[in-house]
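Novice: Contents are TSV, C-alpha atoms and all ligand atoms; file name coords07.tsv:
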chain	number	residue	atom	x	y	z
A	33	MET	CA	12.52	70.98	66.18
A	34	LEU	CA	15.27	71.45	63.66
A	35	SER	CA	16.38	74.87	62.49
A	36	PRO	CA	15.90	75.63	58.76
A	37	GLU	CA	19.69	75.16	58.25
A	38	ALA	CA	19.62	71.73	59.88
A	39	GLU	CA	16.54	70.75	57.89
A	40	ALA	CA	18.35	71.68	54.70
A	41	ILE	CA	21.33	69.47	55.68
A	42	ARG	CA	18.98	66.58	56.48
A	43	ASP	CA	17.08	66.87	53.19
A	44	GLU	CA	20.26	67.07	51.17
A	45	ALA	CA	21.73	64.06	52.97
A	46	LEU	CA	18.60	61.92	52.55
A	47	ALA	CA	18.46	62.80	48.85
A	48	GLY	CA	22.11	61.76	48.56
A	49	VAL	CA	21.38	58.46	50.32
A	50	ALA	CA	18.43	57.72	48.04
A	51	ALA	CA	20.49	58.51	44.96
A	52	ALA	CA	23.50	56.38	46.01
A	53	SER	CA	23.48	53.45	43.60
A	54	ASP	CA	26.39	51.53	45.09
A	55	VAL	CA	28.32	51.09	48.32
A	56	ALA	CA	31.07	53.51	47.27
A	57	ALA	CA	28.57	56.32	46.59
A	58	LEU	CA	26.94	55.64	49.94
A	59	ALA	CA	30.31	55.82	51.72
A	60	SER	CA	30.89	59.20	50.11
A	61	VAL	CA	27.52	60.50	51.44
A	62	ASP	CA	28.52	59.14	54.87
A	63	ARG	CA	31.81	61.08	54.78
A	64	THR	CA	30.21	64.30	53.45
A	65	PHE	CA	27.64	64.50	56.24
A	66	LEU	CA	28.81	62.40	59.19
A	67	GLY	CA	32.61	62.46	58.71
A	68	LYS	CA	34.83	64.53	61.00
A	69	ASP	CA	34.83	67.50	58.59
A	70	GLY	CA	31.31	66.80	57.30
A	71	ALA	CA	28.25	68.99	57.75
A	72	VAL	CA	27.27	67.50	61.11
A	73	GLY	CA	30.88	67.52	62.30
A	74	GLN	CA	31.02	71.23	61.57
A	75	ILE	CA	27.93	71.89	63.68
A	76	LEU	CA	29.58	70.03	66.55
A	77	ALA	CA	32.82	71.99	66.09
A	78	SER	CA	30.91	75.30	66.10
A	79	ILE	CA	29.41	74.65	69.53
A	80	LYS	CA	32.43	75.86	71.46
A	81	ASP	CA	32.34	79.33	69.79
A	82	ALA	CA	28.55	79.72	69.91
A	83	PRO	CA	26.82	81.94	72.51
A	84	PRO	CA	25.93	79.84	75.60
A	85	GLU	CA	22.14	80.00	75.00
A	86	LYS	CA	22.56	78.43	71.54
A	87	ARG	CA	24.91	75.61	72.52
A	88	LYS	CA	22.25	73.22	73.77
A	89	GLN	CA	20.18	73.59	70.64
A	90	LEU	CA	23.21	73.04	68.38
A	91	GLY	CA	24.14	69.86	70.28
A	92	GLN	CA	20.63	68.49	70.03
A	93	GLU	CA	20.43	69.26	66.32
A	94	ALA	CA	23.74	67.58	65.61
A	95	ASN	CA	22.64	64.42	67.45
A	96	ALA	CA	19.26	64.35	65.74
A	97	LEU	CA	20.92	64.70	62.32
A	98	LYS	CA	23.40	61.95	63.15
A	99	GLN	CA	20.60	59.59	64.00
A	100	VAL	CA	18.38	60.33	61.01
A	101	ILE	CA	21.19	60.32	58.43
A	102	GLY	CA	23.01	57.36	60.05
A	103	GLY	CA	19.78	55.31	60.11
A	104	ALA	CA	19.04	56.09	56.45
A	105	ILE	CA	22.59	55.13	55.42
A	106	GLU	CA	22.35	51.78	57.27
A	107	GLU	CA	18.99	51.01	55.70
A	108	ARG	CA	20.27	51.84	52.21
A	109	ARG	CA	23.39	49.73	52.82
A	110	GLU	CA	21.19	46.70	53.65
A	111	ALA	CA	19.05	47.30	50.57
A	112	LEU	CA	22.13	47.56	48.33
A	113	ARG	CA	23.49	44.34	49.82
A	114	ALA	CA	20.19	42.54	49.11
A	115	GLU	CA	20.10	43.93	45.54
A	116	ALA	CA	23.66	42.74	44.96
A	117	LEU	CA	22.75	39.25	46.20
A	118	VAL	CA	19.71	39.06	43.96
A	119	ALA	CA	21.78	40.19	40.94
A	120	GLU	CA	24.46	37.64	41.75
A	121	ARG	CA	21.98	34.76	42.13
A	122	ALA	CA	19.62	35.78	39.31
A	123	SER	CA	21.31	33.40	36.91
A	124	ASP	CA	20.55	30.40	39.24
A	125	GLY	CA	16.82	31.18	39.13
A	126	PHE	CA	16.84	32.46	42.75
A	127	ASP	CA	13.63	34.29	43.67
A	128	PRO	CA	13.90	36.23	46.96
A	129	THR	CA	10.16	36.87	47.02
A	130	LEU	CA	9.31	33.17	47.56
A	131	PRO	CA	8.62	32.22	51.22
A	132	GLY	CA	11.42	30.31	52.96
A	133	ALA	CA	11.20	26.59	53.73
A	134	PRO	CA	9.26	26.24	57.01
A	135	LEU	CA	11.36	25.25	60.03
A	136	GLN	CA	10.56	21.80	61.44
A	137	ARG	CA	9.39	22.42	65.00
A	138	GLY	CA	10.23	19.73	67.50
A	139	SER	CA	8.52	19.07	70.83
A	140	LEU	CA	9.63	17.77	74.19
A	141	HIS	CA	9.39	14.03	74.78
A	142	PRO	CA	6.47	13.18	77.12
A	143	VAL	CA	8.95	11.78	79.67
A	144	THR	CA	10.90	15.05	79.59
A	145	GLN	CA	7.68	17.03	80.01
A	146	VAL	CA	6.58	15.06	83.09
A	147	THR	CA	10.12	15.02	84.54
A	148	ARG	CA	10.30	18.81	84.29
A	149	GLU	CA	6.87	19.16	85.84
A	150	LEU	CA	7.85	16.92	88.77
A	151	GLN	CA	11.12	18.79	89.21
A	152	GLY	CA	9.13	22.02	89.46
A	153	ILE	CA	6.75	20.55	92.02
A	154	PHE	CA	9.46	19.04	94.20
A	155	SER	CA	11.72	22.10	93.94
A	156	SER	CA	8.84	24.18	95.25
A	157	MET	CA	8.72	21.75	98.21
A	158	GLY	CA	12.41	22.35	98.92
A	159	TYR	CA	13.86	19.25	97.24
A	160	ALA	CA	17.27	19.36	95.55
A	161	ILE	CA	17.49	17.72	92.11
A	162	LEU	CA	20.25	15.12	91.88
A	163	ASP	CA	21.72	13.06	89.10
A	164	GLY	CA	23.58	9.75	89.18
A	165	PRO	CA	25.46	7.59	86.68
A	166	GLU	CA	23.54	5.16	84.49
A	167	VAL	CA	26.57	2.85	84.43
A	168	GLU	CA	26.78	2.09	88.12
A	169	LEU	CA	28.92	0.14	90.54
A	170	ASP	CA	27.53	-3.09	91.95
A	171	ASP	CA	28.31	-1.63	95.39
A	172	TYR	CA	25.88	1.26	94.89
A	173	ASN	CA	23.19	-0.58	92.95
A	174	PHE	CA	23.09	-3.53	95.36
A	175	GLU	CA	25.57	-3.89	98.22
A	176	ALA	CA	25.06	-0.52	99.93
A	177	LEU	CA	21.31	-0.91	99.47
A	178	ASN	CA	21.44	-3.97	101.68
A	179	ILE	CA	21.24	-6.42	98.77
A	180	PRO	CA	24.37	-8.61	99.07
A	181	ALA	CA	25.47	-10.93	96.25
A	182	ASP	CA	23.53	-13.95	97.50
A	183	HIS	CA	20.29	-12.04	98.26
A	184	PRO	CA	17.20	-13.36	96.43
A	185	ALA	CA	16.03	-9.74	95.75
A	186	ARG	CA	18.77	-9.57	93.08
A	187	GLU	CA	16.58	-11.78	90.92
A	188	MET	CA	14.05	-8.95	90.52
A	189	TYR	CA	16.84	-6.73	89.24
A	190	ASP	CA	18.44	-8.78	86.48
A	191	THR	CA	20.46	-6.36	84.43
A	192	PHE	CA	23.16	-5.78	81.80
A	193	TRP	CA	26.77	-6.14	82.96
A	194	CYS	CA	29.84	-4.53	81.47
A	195	LYS	CA	32.38	-6.88	79.91
A	196	GLY	CA	35.73	-6.88	81.64
A	197	ASP	CA	34.61	-5.38	84.96
A	198	ALA	CA	32.40	-7.52	87.17
A	199	ASN	CA	31.58	-4.51	89.36
A	200	LEU	CA	30.05	-2.40	86.55
A	201	LEU	CA	26.43	-2.68	85.46
A	202	LEU	CA	23.55	-0.65	84.01
A	203	ARG	CA	21.66	0.54	87.09
A	204	THR	CA	18.37	-1.25	87.65
A	205	HIS	CA	16.77	1.57	89.65
A	206	THR	CA	17.48	5.13	90.75
A	207	SER	CA	18.01	3.98	94.35
A	208	PRO	CA	21.86	4.01	94.10
A	209	VAL	CA	21.54	7.82	94.05
A	210	GLN	CA	20.32	7.45	97.65
A	211	ILE	CA	23.79	6.26	98.67
A	212	ARG	CA	25.54	8.96	96.66
A	213	ALA	CA	23.30	11.57	98.31
A	214	LEU	CA	23.92	10.19	101.81
A	215	GLU	CA	27.65	10.28	101.15
A	216	THR	CA	27.72	13.85	99.92
A	217	LEU	CA	24.86	15.80	101.53
A	218	GLU	CA	24.71	16.85	105.15
A	219	PRO	CA	21.36	15.99	106.83
A	220	PRO	CA	18.76	17.37	107.02
A	221	PHE	CA	18.09	17.30	103.27
A	222	ARG	CA	15.41	16.47	100.71
A	223	ALA	CA	16.26	15.36	97.20
A	224	ILE	CA	14.85	13.76	94.09
A	225	ALA	CA	16.77	11.99	91.33
A	226	PRO	CA	14.95	11.30	88.06
A	227	GLY	CA	16.67	9.14	85.46
A	228	ARG	CA	16.92	6.12	83.19
A	229	CYS	CA	17.09	2.58	84.52
A	230	PHE	CA	17.65	-0.73	82.78
A	231	ARG	CA	16.56	-4.31	83.39
A	232	ASN	CA	16.94	-7.53	81.53
A	233	GLU	CA	13.15	-7.88	81.24
A	234	THR	CA	10.71	-9.68	79.04
A	235	VAL	CA	9.35	-6.62	77.29
A	236	ASP	CA	5.57	-6.17	77.10
A	237	ALA	CA	3.02	-3.33	77.19
A	238	SER	CA	4.01	-2.36	80.73
A	239	HIS	CA	7.64	-3.51	80.98
A	240	GLU	CA	10.61	-2.10	79.10
A	241	HIS	CA	14.32	-2.93	79.28
A	242	THR	CA	14.91	0.85	79.45
A	243	PHE	CA	12.55	2.97	81.53
A	244	HIS	CA	12.46	5.97	83.85
A	245	GLN	CA	12.16	6.23	87.60
A	246	MET	CA	12.34	9.10	90.03
A	247	GLU	CA	13.93	8.51	93.40
A	248	GLY	CA	13.02	10.61	96.41
A	249	LEU	CA	14.96	10.80	99.66
A	250	VAL	CA	14.32	12.87	102.78
A	251	VAL	CA	16.64	12.58	105.77
A	252	GLY	CA	16.47	14.45	109.05
A	253	GLU	CA	15.81	14.14	112.76
A	254	GLY	CA	12.35	12.77	113.57
A	255	ILE	CA	11.27	11.98	109.97
A	256	THR	CA	8.31	9.55	110.06
A	257	VAL	CA	5.87	7.71	107.79
A	258	GLY	CA	3.56	10.71	108.36
A	259	HIS	CA	6.02	12.92	106.46
A	260	LEU	CA	6.18	10.35	103.65
A	261	ILE	CA	2.38	10.31	103.30
A	262	GLY	CA	2.22	14.11	103.42
A	263	ALA	CA	4.86	14.48	100.69
A	264	MET	CA	3.15	11.90	98.45
A	265	LYS	CA	-0.28	13.48	98.81
A	266	THR	CA	1.07	16.94	98.08
A	267	PHE	CA	2.84	15.89	94.91
A	268	LEU	CA	-0.16	13.85	93.67
A	269	ARG	CA	-2.43	16.85	94.24
A	270	GLU	CA	-0.14	18.94	92.06
A	271	VAL	CA	0.12	16.32	89.31
A	272	PHE	CA	-3.58	15.44	89.10
A	273	ARG	CA	-4.86	18.89	90.17
A	274	ARG	CA	-7.04	17.49	92.97
A	275	ASP	CA	-6.86	15.49	96.19
A	276	LEU	CA	-6.62	11.76	95.51
A	277	GLU	CA	-7.08	9.03	98.06
A	278	ILE	CA	-3.97	6.93	98.66
A	279	ARG	CA	-3.29	3.69	100.51
A	280	LEU	CA	-0.13	1.98	101.72
A	281	ARG	CA	0.25	-1.77	101.48
A	282	PRO	CA	3.20	-3.63	102.96
A	283	GLY	CA	5.97	-4.09	100.39
A	284	PHE	CA	9.41	-5.63	100.70
A	285	PHE	CA	12.58	-3.86	99.62
A	286	PRO	CA	15.79	-4.68	101.49
A	287	PHE	CA	16.74	-0.99	101.69
A	288	VAL	CA	13.62	0.20	103.56
A	289	GLU	CA	12.03	-0.87	106.81
A	290	PRO	CA	9.07	-0.77	106.94
A	291	GLY	CA	8.49	-0.85	103.17
A	292	PHE	CA	5.26	-0.03	101.34
A	293	GLU	CA	3.57	-0.04	97.98
A	294	LEU	CA	1.71	3.22	97.58
A	295	ASP	CA	-1.50	2.98	95.56
A	296	VAL	CA	-3.53	5.92	94.38
A	297	ARG	CA	-7.26	5.92	93.76
A	298	CYS	CA	-7.68	5.73	89.98
A	299	PRO	CA	-8.01	9.32	88.76
A	300	PHE	CA	-9.84	8.16	85.62
A	301	CYS	CA	-12.78	6.30	87.06
A	302	ALA	CA	-13.02	6.04	90.84
A	303	GLU	CA	-15.22	9.07	91.27
A	304	LYS	CA	-17.57	7.91	88.53
A	305	THR	CA	-17.87	4.17	89.00
A	306	PRO	CA	-17.03	1.78	91.83
A	307	ARG	CA	-16.41	-0.92	89.20
A	308	GLY	CA	-13.14	0.58	87.93
A	309	CYS	CA	-11.84	0.93	84.37
A	310	SER	CA	-9.21	-0.57	82.08
A	311	VAL	CA	-6.46	1.73	83.41
A	312	CYS	CA	-6.83	0.42	86.98
A	313	LYS	CA	-7.68	-3.08	85.75
A	314	ARG	CA	-11.13	-2.78	87.38
A	315	THR	CA	-9.69	-2.36	90.89
A	316	THR	CA	-10.11	1.46	91.22
A	317	TRP	CA	-6.52	1.55	92.59
A	318	ILE	CA	-3.30	2.18	90.68
A	319	GLU	CA	0.01	0.93	92.02
A	320	LEU	CA	2.21	3.97	91.75
A	321	CYS	CA	5.21	4.08	93.96
A	322	PRO	CA	7.15	1.75	96.23
A	323	CYS	CA	8.44	3.57	99.29
A	324	GLY	CA	9.37	3.21	102.94
A	325	MET	CA	11.58	4.33	105.80
A	326	VAL	CA	15.28	4.18	104.92
A	327	HIS	CA	16.85	1.08	106.49
A	328	PRO	CA	19.32	2.06	109.26
A	329	ARG	CA	21.95	-0.09	107.55
A	330	VAL	CA	21.60	2.00	104.39
A	331	LEU	CA	22.04	5.21	106.39
A	332	ALA	CA	25.15	3.68	107.93
A	333	PHE	CA	26.48	2.60	104.50
A	334	GLY	CA	26.10	6.24	103.41
A	335	GLY	CA	28.00	7.44	106.47
A	336	VAL	CA	24.95	8.93	108.25
A	337	ASP	CA	24.38	8.46	111.98
A	338	ALA	CA	21.36	6.11	112.08
A	339	GLU	CA	20.87	6.75	115.81
A	340	LYS	CA	20.32	10.44	115.19
A	341	TYR	CA	18.62	10.54	111.78
A	342	THR	CA	15.74	8.78	110.08
A	343	GLY	CA	14.46	9.18	106.55
A	344	PHE	CA	11.96	8.10	103.95
A	345	ALA	CA	12.55	7.14	100.32
A	346	PHE	CA	10.37	6.43	97.32
A	347	GLY	CA	10.95	5.10	93.82
A	348	LEU	CA	8.33	6.48	91.48
A	349	GLY	CA	7.78	4.58	88.24
A	350	LEU	CA	8.12	7.68	86.08
A	351	SER	CA	7.41	5.93	82.77
A	352	ARG	CA	4.15	4.60	84.18
A	353	LEU	CA	3.16	8.01	85.50
A	354	VAL	CA	3.77	9.43	82.01
A	355	MET	CA	1.50	6.72	80.58
A	356	LEU	CA	-1.21	7.58	83.10
A	357	ARG	CA	-0.86	11.27	82.44
A	358	PHE	CA	-1.19	11.06	78.66
A	359	GLY	CA	-3.35	7.92	78.40
A	360	ILE	CA	-0.58	5.90	76.65
A	361	ASP	CA	-1.47	2.22	76.61
A	362	ASP	CA	1.89	0.67	75.69
A	363	ILE	CA	5.20	1.56	77.35
A	364	ARG	CA	7.13	0.57	74.23
A	365	HIS	CA	5.99	3.78	72.50
A	366	LEU	CA	8.12	5.80	74.93
A	367	MET	CA	11.50	4.51	73.73
A	368	GLY	CA	10.31	3.57	70.23
A	369	ALA	CA	11.59	6.77	68.54
A	370	ASP	CA	8.58	6.80	66.23
A	371	LEU	CA	7.93	10.39	65.16
A	372	ARG	CA	4.25	9.66	64.45
A	373	PHE	CA	3.89	8.97	68.17
A	374	LEU	CA	6.21	11.71	69.45
A	375	GLU	CA	4.69	14.46	67.31
A	376	GLN	CA	1.45	14.14	69.29
A	377	PHE	CA	2.99	15.77	72.36
A	401	LIG	C1	12.42	-0.33	92.87
A	401	LIG	O1	13.04	-0.16	91.80
A	401	LIG	C2	12.89	0.34	94.13
A	401	LIG	N1	14.19	0.90	93.93
A	401	LIG	C3	11.87	1.38	94.53
A	401	LIG	C4	12.04	1.92	95.92
A	401	LIG	C5	12.73	3.11	96.12
A	401	LIG	C6	11.47	1.26	97.00
A	401	LIG	C7	12.88	3.62	97.40
A	401	LIG	C8	11.59	1.78	98.28
A	401	LIG	C9	12.32	2.94	98.49
A	401	LIG	P1	10.50	-1.66	91.75
A	401	LIG	O2	11.33	-2.73	91.17
A	401	LIG	O3	9.14	-2.05	92.24
A	401	LIG	O4	11.24	-0.94	92.98
A	401	LIG	O5	10.34	-0.50	90.67
A	401	LIG	C10	9.75	0.73	90.97
A	401	LIG	C11	8.81	1.15	89.86
A	401	LIG	O6	9.54	1.22	88.64
A	401	LIG	C12	7.69	0.16	89.60
A	401	LIG	O7	6.58	0.41	90.41
A	401	LIG	C13	7.37	0.42	88.15
A	401	LIG	O8	6.49	1.53	88.03
A	401	LIG	C14	8.71	0.84	87.58
A	401	LIG	N2	9.32	-0.27	86.85
A	401	LIG	C15	10.02	-1.32	87.33
A	401	LIG	N3	10.43	-2.13	86.36
A	401	LIG	C16	9.99	-1.58	85.20
A	401	LIG	C17	10.08	-1.93	83.81
A	401	LIG	N4	10.74	-2.99	83.38
A	401	LIG	N5	9.50	-1.12	82.90
A	401	LIG	C18	8.84	-0.01	83.30
A	401	LIG	N6	8.72	0.39	84.57
A	401	LIG	C19	9.27	-0.38	85.51
Please re-express this file's structure in structure tokens.

Specialist:
Amino acid sequence: MLSPEAEAIRDEALAGVAAASDVAALASVDRTFLGKDGAVGQILASIKDAPPEKRKQLGQEANALKQVIGGAIEERREALRAEALVAERASDGFDPTLPGAPLQRGSLHPVTQVTRELQGIFSSMGYAILDGPEVELDDYNFEALNIPADHPAREMYDTFWCKGDANLLLRTHTSPVQIRALETLEPPFRAIAPGRCFRNETVDASHEHTFHQMEGLVVGEGITVGHLIGAMKTFLREVFRRDLEIRLRPGFFPFVEPGFELDVRCPFCAEKTPRGCSVCKRTTWIELCPCGMVHPRVLAFGGVDAEKYTGFAFGLGLSRLVMLRFGIDDIRHLMGADLRFLEQF
């Protein structure tokens, strides 16, 4: 509650603010009421000589006046600024009442969306998220993964080489991050590494020269295939929001022993028809993720004691998971940079 004197000051100040037709007039109102010797300043100065029981009320009144008058001055200053702008631009036909041009809203690429989702799932399972270079050393992409120069497995990983340095190439998979992780992390650890990979491929609806994978690596004492299956089932349950049957078939990769191909029961048809659908090519199974137990030689390459530790690794075809997730029938859409496609996500 303001005293009648304070109310009178407020009313006079607000009238002055409303009447101020330019910035200079407004500054004068500011000085008259809020300046050191202004009306509010005088109330503040009078506090020290006032009887003790009145001091609190005087302080409160002065603060309330400061706020009300200060707020009104700021508001009027904004309005004057806007009026000045309109006057200045009037000759260009500027109309401030027209709505502004709408902002173009972007959206996250489907690969980014799924990558972030997987990172969330694996983080919640205690996995660290690692990154590795896309331009990689031959040593990391092949040699340390137990694929020496004359190994026939290199044929599956034909890639793009850098001119002038025979040891530099565009990585063909995310597996080199395994070696970098083994070199830098102290077991036990769990990690994933999503990222882009490159292969000199004949491009078709399911093969791209540039695609995404997500590596997984768990190293510790007593890690077994059971842990691998448990981790895969848990992450698939999170991605597809229900338990899906999986199976392991033998698969050969020089950097795992034993190696597997992990298939998942087709989430689109298997519960409805035993005959399958176009997504699973009528088999009811979808090949999802090569995996296996880390080869002791790879552990040794990474400087980890293979007598003490074991580990499992997997290499999820992230681009293919994205296709499954959103029902995309041609992988070439993912890197095609066509806004008509991207705007759908
Ligand atoms: C590998 O790349 C191994 N590094 C995976 C691995 C990791 C095995 C750890 C064991 C332990 P592969 O060449 O099969 O394996 O590729 C893995 C997945 O990447 C494939 O299942 C597929 O989904 C995807 N992929 C491979 N080549 C392409 C391509 N050209 N275009 C799109 N996706 C591809």

Novice: Within 10 Å of (5.8, 18.5, 89.6), in the coordinates the file gives, what residues turn up when you count only C-alpha atoms, written out as a list in words?

Specialist: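 Answer for this query, in the requested form: Gln145, Val146, Thr147, Arg148, Glu149, Leu150, Gln151, Gly152, Ile153, Phe154, Ser155, Ser156, Met157, Thr266, Phe267, Leu268, Arg269, Glu270, Val271 and Phe272 of chain A.
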
Novice: Go through chain A residue by residue and, counting only C-alpha atoms and all ligand atoms, keep those with an atom at most 6 Å from ligand LIG 401 (chain A); for each kept residue give the shortest atom pair and its distance in Å to one decimal, ordered by chain and increasing number, as a Markdown table.

Specialist:
| residue | atom | partner | partner_atom | distance |
| --- | --- | --- | --- | --- |
| A:His205 | CA | A:LIG401 | O1 | 4.6 |
| A:Ser207 | CA | A:LIG401 | N1 | 4.9 |
| A:Arg231 | CA | A:LIG401 | N4 | 6.0 |
| A:Glu233 | CA | A:LIG401 | N4 | 5.9 |
| A:Ser238 | CA | A:LIG401 | C18 | 6.0 |
| A:His239 | CA | A:LIG401 | N5 | 3.6 |
| A:Glu240 | CA | A:LIG401 | N5 | 4.1 |
| A:His241 | CA | A:LIG401 | N4 | 5.4 |
| A:Phe243 | CA | A:LIG401 | C18 | 5.1 |
| A:Gln245 | CA | A:LIG401 | O6 | 5.7 |
| A:Phe285 | CA | A:LIG401 | C6 | 5.9 |
| A:Val288 | CA | A:LIG401 | C8 | 5.9 |
| A:Leu320 | CA | A:LIG401 | O7 | 5.8 |
| A:Cys321 | CA | A:LIG401 | O7 | 5.3 |
| A:Pro322 | CA | A:LIG401 | C6 | 4.4 |
| A:Cys323 | CA | A:LIG401 | C8 | 3.8 |
| A:Gly324 | CA | A:LIG401 | C9 | 5.3 |
| A:Ala345 | CA | A:LIG401 | C7 | 4.6 |
| A:Phe346 | CA | A:LIG401 | C7 | 3.8 |
| A:Gly347 | CA | A:LIG401 | C5 | 3.5 |
| A:Leu348 | CA | A:LIG401 | C11 | 5.6 |
| A:Gly349 | CA | A:LIG401 | O8 | 3.3 |
| A:Ser351 | CA | A:LIG401 | N6 | 6.0 |
| A:Arg352 | CA | A:LIG401 | O8 | 5.5 |

Novice: Residues near Lys313 (chain A), anyone? I mean within 12 Å using only C-alpha atoms, not counting same-chain ones fewer than 6 positions away, as number ranges by chain.

Specialist: A: 298, 300-302, 307, 319

Novice: Could you list, as number ranges by chain, every residue within 9 Å of Leu76 (chain A), counting only C-alpha atoms and ignoring same-chain residues fewer than 3 positions away?

Specialist: A: 71-73, 79-80, 90-91, 94-95

Novice: Closest to Leu58 (chain A) among A:Ala111, A:Met264, A:Ala82, A:Pro36, using only C-alpha atoms?

Specialist: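 Ranking A:Ala111, A:Met264, A:Ala82, A:Pro36 by distance to Leu58 (chain A), first place goes to A:Ala111.
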
Novice: Which protein, DNA or RNA residues are at most 7 Å from (19.2, 60.0, 55.7) in the file's coordinates when you count only C-alpha atoms, listed as a PyMOL selection string?

Specialist: chain A and resi 42+45-46+49+100-105

Novice: What does the distance between CA of Leu280 (chain A) and CA of Arg314 (chain A) come to in Å, to one decimal place?

Specialist: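 CA of Leu280 (chain A) sits 18.7 Å away from CA of Arg314 (chain A).
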
Novice: Hey, can you check how far CA of Leu260 (chain A) sits from CA of Val143 (chain A)?

Specialist: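 Atom-to-atom, CA of Leu260 (chain A) and CA of Val143 (chain A) are spaced 24.2 Å apart.
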
Novice: Take CA of Asp170 (chain A) and CA of Asn199 (chain A) and report the distance between them in Å, one decimal.

Specialist: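 Separation between CA of Asp170 (chain A) and CA of Asn199 (chain A): 5.0 Å.
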
Novice: Between A:Arg228, A:Lys98, A:Arg87, A:Arg279, which residue has the minimum interatomic distance to Arg63 (chain A), considering all atoms listed in the file?

Specialist: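 Among the listed residues, the smallest separation from Arg63 (chain A) belongs to A:Lys98.
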
Novice: Given the choices A:Thr206, A:Asn232, A:Gln376, A:Thr315, which gets closest to Gly248 (chain A) if the distance is worked out from all atoms listed in the file?

Specialist: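 Of A:Thr206, A:Asn232, A:Gln376, A:Thr315, the one nearest Gly248 (chain A), counting all atoms listed in the file, is A:Thr206.
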
Novice: Set the distance at 7 Å and use only C-alpha atoms: which residues neighbour Ala160 (chain A) once local chain neighbours fewer than 3 positions away are removed? I'd like the list as a PyMOL selection string.

Specialist: chain A and resi 155+222-224

Novice: So that I have them on file, write out the residues from the current selection with C-alpha atoms, as a PDB file, keeping the file's coordinate frame.

Specialist:
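The resulting out33.pdb:
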ATOM      1  CA  SER A 155      11.720  22.100  93.940  1.00  0.00           C
ATOM      2  CA  ARG A 222      15.410  16.470 100.710  1.00  0.00           C
ATOM      3  CA  ALA A 223      16.260  15.360  97.200  1.00  0.00           C
ATOM      4  CA  ILE A 224      14.850  13.760  94.090  1.00  0.00           C
TER       5      ILE A 224
END

Novice: Using all atoms listed in the file, find the one residue out of A:Gly254, A:Pro299, A:Ser139, A:Ile363 that sits nearest to Glu375 (chain A).

Specialist: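 For Glu375 (chain A), the nearest of the candidates is A:Ser139.
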
Novice: Select region 101-113 of chain A in the preceding structure and write N, CA and C atoms to a file as a PDB file, in the first residue's frame.

Specialist:
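As a result, result_29.pdb now contains:
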ATOM      1  N   ILE A 101       7.908   3.113 -11.832  1.00  0.00           N
ATOM      2  CA  ILE A 101       8.305   4.210 -12.728  1.00  0.00           C
ATOM      3  C   ILE A 101       9.393   3.715 -13.707  1.00  0.00           C
ATOM      4  N   GLY A 102      10.353   2.947 -13.175  1.00  0.00           N
ATOM      5  CA  GLY A 102      11.430   2.407 -14.021  1.00  0.00           C
ATOM      6  C   GLY A 102      10.856   1.542 -15.131  1.00  0.00           C
ATOM      7  N   GLY A 103       9.887   0.672 -14.791  1.00  0.00           N
ATOM      8  CA  GLY A 103       9.273  -0.222 -15.786  1.00  0.00           C
ATOM      9  C   GLY A 103       8.569   0.586 -16.869  1.00  0.00           C
ATOM     10  N   ALA A 104       7.835   1.641 -16.427  1.00  0.00           N
ATOM     11  CA  ALA A 104       7.083   2.445 -17.403  1.00  0.00           C
ATOM     12  C   ALA A 104       8.049   3.171 -18.337  1.00  0.00           C
ATOM     13  N   ILE A 105       9.169   3.655 -17.780  1.00  0.00           N
ATOM     14  CA  ILE A 105      10.146   4.378 -18.614  1.00  0.00           C
ATOM     15  C   ILE A 105      10.740   3.425 -19.663  1.00  0.00           C
ATOM     16  N   GLU A 106      11.075   2.207 -19.246  1.00  0.00           N
ATOM     17  CA  GLU A 106      11.664   1.223 -20.169  1.00  0.00           C
ATOM     18  C   GLU A 106      10.685   0.897 -21.291  1.00  0.00           C
ATOM     19  N   GLU A 107       9.428   0.708 -20.906  1.00  0.00           N
ATOM     20  CA  GLU A 107       8.402   0.362 -21.900  1.00  0.00           C
ATOM     21  C   GLU A 107       8.244   1.487 -22.927  1.00  0.00           C
ATOM     22  N   ARG A 108       8.209   2.729 -22.392  1.00  0.00           N
ATOM     23  CA  ARG A 108       8.035   3.891 -23.283  1.00  0.00           C
ATOM     24  C   ARG A 108       9.254   4.040 -24.193  1.00  0.00           C
ATOM     25  N   ARG A 109      10.430   3.731 -23.655  1.00  0.00           N
ATOM     26  CA  ARG A 109      11.667   3.856 -24.441  1.00  0.00           C
ATOM     27  C   ARG A 109      11.614   2.893 -25.641  1.00  0.00           C
ATOM     28  N   GLU A 110      11.143   1.674 -25.387  1.00  0.00           N
ATOM     29  CA  GLU A 110      10.996   0.672 -26.460  1.00  0.00           C
ATOM     30  C   GLU A 110      10.018   1.178 -27.514  1.00  0.00           C
ATOM     31  N   ALA A 111       8.870   1.708 -27.014  1.00  0.00           N
ATOM     32  CA  ALA A 111       7.838   2.167 -27.944  1.00  0.00           C
ATOM     33  C   ALA A 111       8.373   3.305 -28.802  1.00  0.00           C
ATOM     34  N   LEU A 112       9.122   4.237 -28.167  1.00  0.00           N
ATOM     35  CA  LEU A 112       9.675   5.365 -28.932  1.00  0.00           C
ATOM     36  C   LEU A 112      10.659   4.867 -29.989  1.00  0.00           C
ATOM     37  N   ARG A 113      11.453   3.853 -29.605  1.00  0.00           N
ATOM     38  CA  ARG A 113      12.434   3.291 -30.531  1.00  0.00           C
ATOM     39  C   ARG A 113      11.703   2.689 -31.749  1.00  0.00           C
TER      40      ARG A 113
END
